[in-house]
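Heads up, the thing below is written out as structure tokens.
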Amino acid sequence: MWNDFKKFIARGNVVDLGVAVIMGAAFGAIVTSLVNDVVMPPIGLILGHVDFKDLFLAMDGKTYASLAAAKNAGAPVLAYGNFLNTIVNFLIIAAVVFLLVRQVSKLQRQPAPAPAAPTTKDCPFCCTAIPTPAKRCPNCTSQL
């Protein structure tokens, strides 16, 4: 069993998958920072100095100064601002993955189509092109 496991781990696909997972996690952190620190602040500024991370709805009907204050009070909250950040995060990752897959598919060479089977052959006696299934040459009447 140990040898089978070593063979499984040493296969190229497993190593490639491991590298992809690690790179995906690192890329996710970069995109999260991009959304939270670069994309959403200008959008919040345009919408009237709104910080999307602090948008919430207290479910107990009380008013709280901030999301942190509501959580400290133990109030149930819908933190829809974080949800909006996560949606933007997902859309950016989906767009990048789409563009990456599109470029990789363009880089992969398509196999050349197989040459079509010949439909004619040359008569060995008169060298005239005749259909492949012919049994007799129509020009010199030689039997093939």
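Labeling convention for the structure tokens: chains A, B, ... as they appear, residues from 1 per chain, ligands from 1 in order of appearance.
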*Name the residues of segment 21-138 of chain A that fall into strand (DSSP E) according to DSSP on the backbone, using the chain letters and numbers of this document, as a PyMOL selection string.*
chain A and resi 57-58+77-78+120-122+129-131
So which residues touch Pro41 of chain A within 9 Å, counting only C-alpha atoms, skipping near sequence neighbours fewer than 5 positions away, as a short mmCIF file (atom, residue, chain, number, x, y, z; two decimals) with N, CA and C atoms, in the first residue's frame?
```cif
data_model
loop_
_atom_site.label_atom_id
_atom_site.label_comp_id
_atom_site.auth_asym_id
_atom_site.auth_seq_id
_atom_site.Cartn_x
_atom_site.Cartn_y
_atom_site.Cartn_z
N VAL A 35 -9.84 43.82 -4.08
CA VAL A 35 -11.23 44.24 -3.90
C VAL A 35 -11.37 45.16 -2.69
N ASN A 36 -10.84 44.72 -1.54
CA ASN A 36 -11.02 45.48 -0.30
C ASN A 36 -10.24 46.78 -0.26
N ILE A 46 -17.52 57.30 -4.37
CA ILE A 46 -18.50 57.79 -5.35
C ILE A 46 -19.92 57.74 -4.78
N HIS A 49 -19.05 58.29 0.47
CA HIS A 49 -18.19 57.90 1.59
C HIS A 49 -18.74 56.69 2.34
N VAL A 50 -19.12 55.67 1.60
CA VAL A 50 -19.64 54.45 2.19
C VAL A 50 -18.52 53.42 2.24
N ASP A 51 -18.32 52.81 3.41
CA ASP A 51 -17.38 51.70 3.54
C ASP A 51 -18.22 50.42 3.51
N PHE A 52 -18.06 49.65 2.45
CA PHE A 52 -18.91 48.48 2.25
C PHE A 52 -18.74 47.45 3.36
#
```
Report as CSV: every residue of segment 35-139 of chain A with an atom at most 10 Å from segment 18-31 of chain A, its closest pair of atoms, and their distance in Å to one decimal, counting only C-alpha atoms, with rows sorted by chain and ascending residue number.
```
residue,atom,partner,partner_atom,distance
A:Val35,CA,A:Val31,CA,6.1
A:Asn36,CA,A:Val31,CA,8.5
A:Asp37,CA,A:Val31,CA,9.7
A:Val38,CA,A:Val31,CA,9.8
A:Val39,CA,A:Val31,CA,10.0
A:Val88,CA,A:Val31,CA,9.5
A:Asn89,CA,A:Val31,CA,6.4
A:Phe90,CA,A:Val31,CA,8.8
A:Ile92,CA,A:Val31,CA,7.3
A:Ile93,CA,A:Val31,CA,7.1
```
Mind dumping the selected residues with N, CA and C atoms as a CSV table (one decimal), in the first residue's frame?
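Result went into part26.csv, see below:
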```
chain,number,residue,atom,x,y,z
A,35,VAL,N,-9.8,43.8,-4.1
A,35,VAL,CA,-11.2,44.2,-3.9
A,35,VAL,C,-11.4,45.2,-2.7
A,36,ASN,N,-10.8,44.7,-1.5
A,36,ASN,CA,-11.0,45.5,-0.3
A,36,ASN,C,-10.2,46.8,-0.3
A,37,ASP,N,-9.1,46.8,-0.9
A,37,ASP,CA,-8.2,48.0,-0.7
A,37,ASP,C,-8.1,48.9,-1.9
A,38,VAL,N,-8.5,48.4,-3.1
A,38,VAL,CA,-8.3,49.2,-4.3
A,38,VAL,C,-9.7,49.4,-5.0
A,39,VAL,N,-10.5,48.4,-5.2
A,39,VAL,CA,-11.7,48.6,-6.0
A,39,VAL,C,-12.9,49.2,-5.2
A,88,VAL,N,-18.0,40.8,-5.6
A,88,VAL,CA,-17.0,41.5,-6.4
A,88,VAL,C,-15.7,40.6,-6.5
A,89,ASN,N,-15.3,40.1,-5.4
A,89,ASN,CA,-14.1,39.2,-5.4
A,89,ASN,C,-14.3,38.0,-6.3
A,90,PHE,N,-15.5,37.4,-6.2
A,90,PHE,CA,-15.8,36.2,-7.1
A,90,PHE,C,-15.8,36.6,-8.5
A,92,ILE,N,-14.2,39.0,-10.1
A,92,ILE,CA,-12.9,39.3,-10.6
A,92,ILE,C,-12.1,37.9,-10.8
A,93,ILE,N,-12.2,37.0,-9.8
A,93,ILE,CA,-11.6,35.7,-10.0
A,93,ILE,C,-12.2,35.0,-11.2
```
_Nearest to Gly44 of chain A by atom-to-atom distance, counting only C-alpha atoms, from A:Met1, A:Arg109, A:Pro131, A:Leu84_ =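 Ranked by minimum distance to Gly44 of chain A, first place goes to A:Leu84.
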Write out as a PDB file with N, CA and C atoms, in the first residue's frame each polymer residue whose atoms come within 10 Å of Ser142 of chain A, counting only C-alpha atoms; drop sequence neighbours fewer than 3 positions from it.
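Contents of out12.pdb, as written:
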```pdb
ATOM      1  N   CYS A 123      -4.455   4.290 -63.510  1.00  0.00           N
ATOM      2  CA  CYS A 123      -4.441   3.020 -64.223  1.00  0.00           C
ATOM      3  C   CYS A 123      -2.977   2.659 -64.492  1.00  0.00           C
ATOM      4  N   PRO A 124      -2.525   1.439 -64.135  1.00  0.00           N
ATOM      5  CA  PRO A 124      -1.119   1.082 -64.347  1.00  0.00           C
ATOM      6  C   PRO A 124      -0.749   0.930 -65.831  1.00  0.00           C
ATOM      7  N   PHE A 125      -1.744   0.878 -66.700  1.00  0.00           N
ATOM      8  CA  PHE A 125      -1.462   0.668 -68.116  1.00  0.00           C
ATOM      9  C   PHE A 125      -1.438   1.974 -68.902  1.00  0.00           C
ATOM     10  N   CYS A 126      -2.419   2.853 -68.667  1.00  0.00           N
ATOM     11  CA  CYS A 126      -2.480   4.094 -69.445  1.00  0.00           C
ATOM     12  C   CYS A 126      -2.259   5.344 -68.600  1.00  0.00           C
ATOM     13  N   LYS A 135     -12.990  -1.591 -61.515  1.00  0.00           N
ATOM     14  CA  LYS A 135     -12.381  -2.890 -61.801  1.00  0.00           C
ATOM     15  C   LYS A 135     -11.784  -2.937 -63.210  1.00  0.00           C
ATOM     16  N   ARG A 136     -12.204  -1.952 -64.044  1.00  0.00           N
ATOM     17  CA  ARG A 136     -11.714  -1.885 -65.426  1.00  0.00           C
ATOM     18  C   ARG A 136     -11.509  -0.432 -65.780  1.00  0.00           C
ATOM     19  N   CYS A 137     -10.441  -0.122 -66.488  1.00  0.00           N
ATOM     20  CA  CYS A 137     -10.137   1.246 -66.891  1.00  0.00           C
ATOM     21  C   CYS A 137     -11.096   1.651 -68.018  1.00  0.00           C
ATOM     22  N   PRO A 138     -11.793   2.782 -67.876  1.00  0.00           N
ATOM     23  CA  PRO A 138     -12.725   3.188 -68.920  1.00  0.00           C
ATOM     24  C   PRO A 138     -12.021   3.709 -70.186  1.00  0.00           C
ATOM     25  N   ASN A 139     -10.732   4.050 -70.085  1.00  0.00           N
ATOM     26  CA  ASN A 139     -10.021   4.576 -71.259  1.00  0.00           C
ATOM     27  C   ASN A 139      -9.358   3.489 -72.077  1.00  0.00           C
TER      28      ASN A 139
END
```
Would you return as a short mmCIF file (atom, residue, chain, number, x, y, z; two decimals) with N, CA and C atoms, in the first residue's frame the members of segment 32-93 of chain A that DSSP assigns to alpha helix (DSSP H) on this structure's backbone?
```
data_model
loop_
_atom_site.label_atom_id
_atom_site.label_comp_id
_atom_site.auth_asym_id
_atom_site.auth_seq_id
_atom_site.Cartn_x
_atom_site.Cartn_y
_atom_site.Cartn_z
N THR A 32 -8.57 39.36 -3.01
CA THR A 32 -9.29 39.89 -1.85
C THR A 32 -8.72 41.26 -1.47
N SER A 33 -7.41 41.37 -1.46
CA SER A 33 -6.79 42.66 -1.17
C SER A 33 -7.13 43.69 -2.24
N LEU A 34 -7.14 43.27 -3.49
CA LEU A 34 -7.49 44.18 -4.59
C LEU A 34 -8.91 44.72 -4.40
N MET A 40 -13.12 48.67 -4.00
CA MET A 40 -14.28 49.12 -3.24
C MET A 40 -14.14 50.53 -2.64
N PRO A 41 -12.98 50.99 -2.19
CA PRO A 41 -12.90 52.36 -1.66
C PRO A 41 -13.32 53.44 -2.65
N PRO A 42 -12.86 53.41 -3.93
CA PRO A 42 -13.36 54.43 -4.86
C PRO A 42 -14.87 54.32 -5.11
N ILE A 43 -15.39 53.10 -5.15
CA ILE A 43 -16.83 52.93 -5.34
C ILE A 43 -17.57 53.51 -4.14
N GLY A 44 -17.07 53.25 -2.93
CA GLY A 44 -17.66 53.81 -1.73
C GLY A 44 -17.58 55.33 -1.70
N LEU A 45 -16.48 55.88 -2.20
CA LEU A 45 -16.32 57.34 -2.27
C LEU A 45 -17.33 57.95 -3.23
N ILE A 46 -17.52 57.30 -4.37
CA ILE A 46 -18.50 57.79 -5.35
C ILE A 46 -19.92 57.74 -4.78
N LEU A 67 -20.73 47.89 12.71
CA LEU A 67 -20.88 46.43 12.66
C LEU A 67 -20.19 45.80 13.86
N ALA A 68 -19.02 46.32 14.22
CA ALA A 68 -18.29 45.79 15.37
C ALA A 68 -19.09 45.99 16.66
N ALA A 69 -19.73 47.13 16.79
CA ALA A 69 -20.53 47.38 17.99
C ALA A 69 -21.72 46.43 18.06
N ALA A 70 -22.34 46.16 16.94
CA ALA A 70 -23.47 45.23 16.91
C ALA A 70 -23.03 43.82 17.26
N LYS A 71 -21.88 43.40 16.75
CA LYS A 71 -21.38 42.07 17.06
C LYS A 71 -20.97 41.96 18.52
N ASN A 72 -20.37 43.03 19.05
CA ASN A 72 -19.99 43.02 20.47
C ASN A 72 -21.21 42.95 21.37
N TYR A 80 -24.36 42.55 4.90
CA TYR A 80 -24.47 42.52 3.45
C TYR A 80 -23.32 43.26 2.76
N GLY A 81 -22.61 44.13 3.46
CA GLY A 81 -21.45 44.80 2.89
C GLY A 81 -20.34 43.81 2.61
N ASN A 82 -20.09 42.90 3.55
CA ASN A 82 -19.09 41.85 3.32
C ASN A 82 -19.51 40.95 2.17
N PHE A 83 -20.81 40.70 2.09
CA PHE A 83 -21.33 39.87 1.00
C PHE A 83 -21.08 40.55 -0.36
N LEU A 84 -21.29 41.86 -0.44
CA LEU A 84 -21.02 42.59 -1.69
C LEU A 84 -19.54 42.50 -2.05
N ASN A 85 -18.66 42.65 -1.06
CA ASN A 85 -17.22 42.51 -1.32
C ASN A 85 -16.90 41.12 -1.84
N THR A 86 -17.52 40.10 -1.27
CA THR A 86 -17.28 38.73 -1.71
C THR A 86 -17.78 38.51 -3.13
N ILE A 87 -18.90 39.11 -3.48
CA ILE A 87 -19.41 38.98 -4.86
C ILE A 87 -18.45 39.63 -5.85
N VAL A 88 -17.96 40.81 -5.55
CA VAL A 88 -16.99 41.47 -6.44
C VAL A 88 -15.72 40.63 -6.52
N ASN A 89 -15.30 40.09 -5.40
CA ASN A 89 -14.14 39.21 -5.35
C ASN A 89 -14.33 38.02 -6.30
N PHE A 90 -15.47 37.37 -6.21
CA PHE A 90 -15.78 36.22 -7.07
C PHE A 90 -15.79 36.61 -8.54
N LEU A 91 -16.40 37.74 -8.87
CA LEU A 91 -16.48 38.16 -10.27
C LEU A 91 -15.09 38.42 -10.85
N ILE A 92 -14.22 39.01 -10.06
CA ILE A 92 -12.86 39.25 -10.56
C ILE A 92 -12.13 37.93 -10.78
N ILE A 93 -12.23 37.02 -9.82
CA ILE A 93 -11.57 35.72 -9.98
C ILE A 93 -12.15 34.96 -11.17
#
```
_Rounded to one decimal, what separation in Å do you get between atom CA of Ser105 of chain A and atom CA of Val14 of chain A?_
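Taking atom CA of Ser105 of chain A as the start and atom CA of Val14 of chain A as the end point, the length is 21.4 Å.
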*May I ask which of the residues A:Ala73, A:Lys6, A:Ala79, A:Val15 is the closest one to Asp54 of chain A, counting only C-alpha atoms?*
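Distance minimum relative to Asp54 of chain A lands on A:Ala79.
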*Quick one: residues within 6 Å of segment 57-66 of chain A, only C-alpha atoms counted, chain neighbours fewer than 6 positions away excluded, as a list in words?*
Pro76, Val77 and Leu78 of chain A
